[in-house]
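What follows is the content of coords_21.txt (compact mmCIF, C-alpha atoms).
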```txt
# COMPACT_ATOMS: atom_id res chain seq x y z
CA MET A 3 -58.29 96.08 266.17
CA ILE A 4 -57.26 95.73 269.82
CA GLU A 5 -60.14 97.95 270.85
CA ALA A 6 -62.50 95.86 268.73
CA TYR A 7 -61.18 92.73 270.44
CA SER A 8 -61.52 94.27 273.90
CA GLU A 9 -65.13 95.20 273.11
CA GLN A 10 -65.65 91.62 271.81
CA LEU A 11 -66.45 92.78 268.29
CA VAL A 12 -63.84 90.40 266.80
CA THR A 13 -62.53 87.07 268.00
CA ILE A 14 -58.93 86.33 268.89
CA ASP A 15 -58.60 84.22 265.71
CA GLU A 16 -59.77 87.12 263.54
CA LEU A 17 -57.36 89.44 265.34
CA ARG A 18 -54.45 87.04 264.80
CA ALA A 19 -55.37 86.67 261.13
CA ARG A 20 -55.45 90.43 260.51
CA MET A 21 -52.38 91.48 262.52
CA PRO A 22 -49.66 90.43 259.99
CA HIS A 23 -51.44 92.38 257.25
CA LEU A 24 -51.81 95.42 259.51
CA ARG A 25 -48.16 95.27 260.60
CA ALA A 26 -47.02 95.02 256.97
CA ARG A 27 -49.21 98.00 256.11
CA GLU A 28 -47.76 99.97 259.03
CA THR A 29 -44.21 99.18 257.87
CA ASN A 30 -45.09 100.24 254.34
CA LEU A 31 -46.61 103.52 255.54
CA ARG A 32 -43.58 104.25 257.74
CA GLY A 33 -41.36 103.68 254.70
CA GLN A 34 -43.46 106.06 252.63
CA LEU A 35 -43.26 108.64 255.40
CA GLY A 36 -39.47 108.30 255.46
CA THR A 37 -39.35 108.75 251.69
CA LEU A 38 -41.47 111.89 251.90
CA ASP A 39 -39.23 113.27 254.65
CA ALA A 40 -36.17 112.63 252.48
CA GLN A 41 -37.83 114.34 249.50
CA ALA A 42 -38.65 117.38 251.64
CA ALA A 43 -35.04 117.54 252.83
CA ASP A 44 -33.82 117.31 249.21
CA ARG A 45 -36.13 120.14 248.18
CA ASP A 46 -34.82 122.30 251.02
CA ALA A 47 -31.25 121.56 249.92
CA TYR A 48 -32.09 122.43 246.31
CA LEU A 49 -33.68 125.73 247.35
CA LYS A 50 -30.63 126.61 249.44
CA LEU A 51 -28.34 125.70 246.55
CA ALA A 52 -30.38 127.88 244.19
CA GLY A 53 -30.02 130.79 246.60
CA ASP A 54 -26.27 130.17 246.85
CA LEU A 55 -25.98 130.04 243.05
CA GLU A 56 -27.88 133.30 242.66
CA GLY A 57 -25.66 134.96 245.23
CA PHE A 58 -22.55 133.55 243.55
CA LEU A 59 -23.71 134.81 240.15
CA THR A 60 -24.49 138.27 241.53
CA GLN A 61 -21.09 138.47 243.19
CA LEU A 62 -19.36 137.22 240.04
CA GLN A 63 -21.16 139.76 237.83
CA GLY A 64 -20.31 142.57 240.24
CA THR A 65 -16.60 141.86 240.20
CA ALA A 66 -16.14 140.52 236.64
CA ALA A 67 -15.59 143.91 235.03
CA ALA A 68 -12.79 144.89 237.39
CA ALA A 69 -11.23 141.42 237.74
CA THR A 70 -7.57 140.99 236.99
CA VAL A 71 -6.23 138.11 234.91
CA GLU A 72 -5.19 136.35 238.13
CA ASP A 73 -8.71 136.72 239.55
CA ARG A 74 -10.24 135.32 236.37
CA GLN A 75 -7.82 132.39 236.42
CA ARG A 76 -8.72 131.70 240.07
CA VAL A 77 -12.46 131.64 239.23
CA LEU A 78 -11.87 129.26 236.31
CA ARG A 79 -9.77 126.97 238.49
CA LEU A 80 -12.55 126.87 241.06
CA LEU A 81 -15.25 126.11 238.49
CA VAL A 82 -13.54 123.75 236.04
CA LYS A 83 -13.00 120.27 237.45
CA ASP A 84 -11.39 118.76 234.38
CA ILE A 85 -11.28 118.97 230.60
CA LEU A 86 -11.59 115.79 228.55
CA ILE A 87 -10.27 116.01 225.01
CA GLY A 88 -11.46 113.34 222.60
CA PRO A 89 -11.07 112.88 218.86
CA GLU A 90 -14.51 114.36 218.12
CA LYS A 91 -15.33 116.61 221.08
CA ILE A 92 -14.04 118.46 224.11
CA THR A 93 -15.90 118.01 227.42
CA ILE A 94 -15.48 120.49 230.26
CA ARG A 95 -16.68 119.09 233.58
CA HIS A 96 -17.43 121.71 236.19
CA ARG A 97 -18.36 122.00 239.85
CA ILE A 98 -19.76 124.70 242.09
CA PRO A 99 -17.59 125.04 245.19
CA THR A 100 -19.37 125.43 248.50
CA ARG A 101 -18.31 127.76 251.21
CA PRO A 102 -16.59 126.14 254.19
CA GLY A 103 -18.69 126.16 257.35
CA GLY A 104 -21.99 126.07 255.44
CA THR A 105 -25.03 124.25 256.76
CA GLY A 106 -25.20 121.64 254.00
CA ALA A 107 -25.80 117.99 254.77
CA ARG A 108 -22.29 117.05 253.68
CA GLN A 109 -19.42 119.29 254.64
CA ARG A 110 -16.58 119.33 252.13
CA ASP A 111 -12.97 120.14 252.61
CA SER A 112 -12.31 123.86 252.18
CA ARG A 113 -9.48 123.16 249.71
CA PRO A 114 -10.54 123.34 246.08
CA ASP A 115 -10.93 120.01 244.28
CA THR A 116 -8.36 120.59 241.57
CA GLU A 117 -6.28 118.29 239.46
CA GLY A 118 -3.01 118.88 237.70
CA ASP A 119 -0.44 121.64 238.02
CA HIS A 120 -1.96 124.70 239.71
CA ARG A 121 1.04 126.43 241.24
CA ALA A 122 0.80 130.18 241.78
CA ASP A 123 3.01 130.78 238.72
CA TYR A 124 1.01 128.36 236.48
CA LEU A 125 -0.58 130.13 233.50
CA LEU A 126 -4.04 128.89 232.62
CA ARG A 127 -4.08 128.02 228.91
```

Starting from the coordinates I provided, produce the structure as structure tokens.
Amino acid sequence: MIEAYSEQLVTIDELRARMPHLRARETNLRGQLGTLDAQAADRDAYLKLAGDLEGFLTQLQGTAAAATVEDRQRVLRLLVKDILIGPEKITIRHRIPTRPGGTGARQRDSRPDTEGDHRADYLLR
């Protein structure tokens, strides 16, 4: 539009009338670009998580046969966040722990997110 004005193809009044619409369109397009960038970042995170889950599953399958009771309890404590017992159903909420020092967008504390009594001598029931 500025080039058209400088070449006298449009008048200053026409330029002033079109500029708010063009600025609004530019803002809208920048917002869409930001949304697409965020979606691409989410997809990258999901792909990385899928790779981490596959690696975790492979490692778990490789050591499951030879795991001691203590090892199995440790895995369950890492995976089970809490157990909700209702009159009609039991709900087990889980989580997948991330490795400390990973390259994820949000770094979490390396301590497991556990609730309740999980002393070393606590027997999982």

Shortest interatomic distance to A:Leu55 - which of A:Ile98, A:His23, A:Val71, A:Arg76, counting only C-alpha atoms: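 Using only C-alpha atoms, A:Leu55 sits closest to A:Ile98.
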
Atom pair atom CA of A:Met3 / atom CA of A:Arg32: separation (Å):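 These two atoms are separated by 18.8 Å.
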
Distance of atom CA of A:Thr29 from atom CA of A:Gln41, expressed in Å to one decimal place: 18.5 Å

Residue nearest A:Tyr7 among A:Gly64, A:Met21, A:Leu59, A:Leu51 (counting all atoms listed in the file):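 For A:Tyr7, the nearest of the given residues is A:Met21.
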
Using the file's own x, y and z axes, so that the box edges lie along x, y and z, what centre and edge lengths in Å (one decimal) does a box around every listed atom of stretch 54-64 of chain A get when 5 Å is added on each side? Give it as AutoDock Vina command-line options.
```
--center_x -23.6 --center_y 136.3 --center_z 242.3 --size_x 18.5 --size_y 22.5 --size_z 19.0
```

Straight-line distance linking atom CA of A:Ala43 with atom CA of A:Leu31, stated in Å to one decimal: 18.4 Å

Nearest-residue call for A:Leu81, choices A:Ala19, A:Ala6, A:Ile94, A:Ala69, using all atoms listed in the file: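 Smallest separation from A:Leu81 among the options: A:Ile94.
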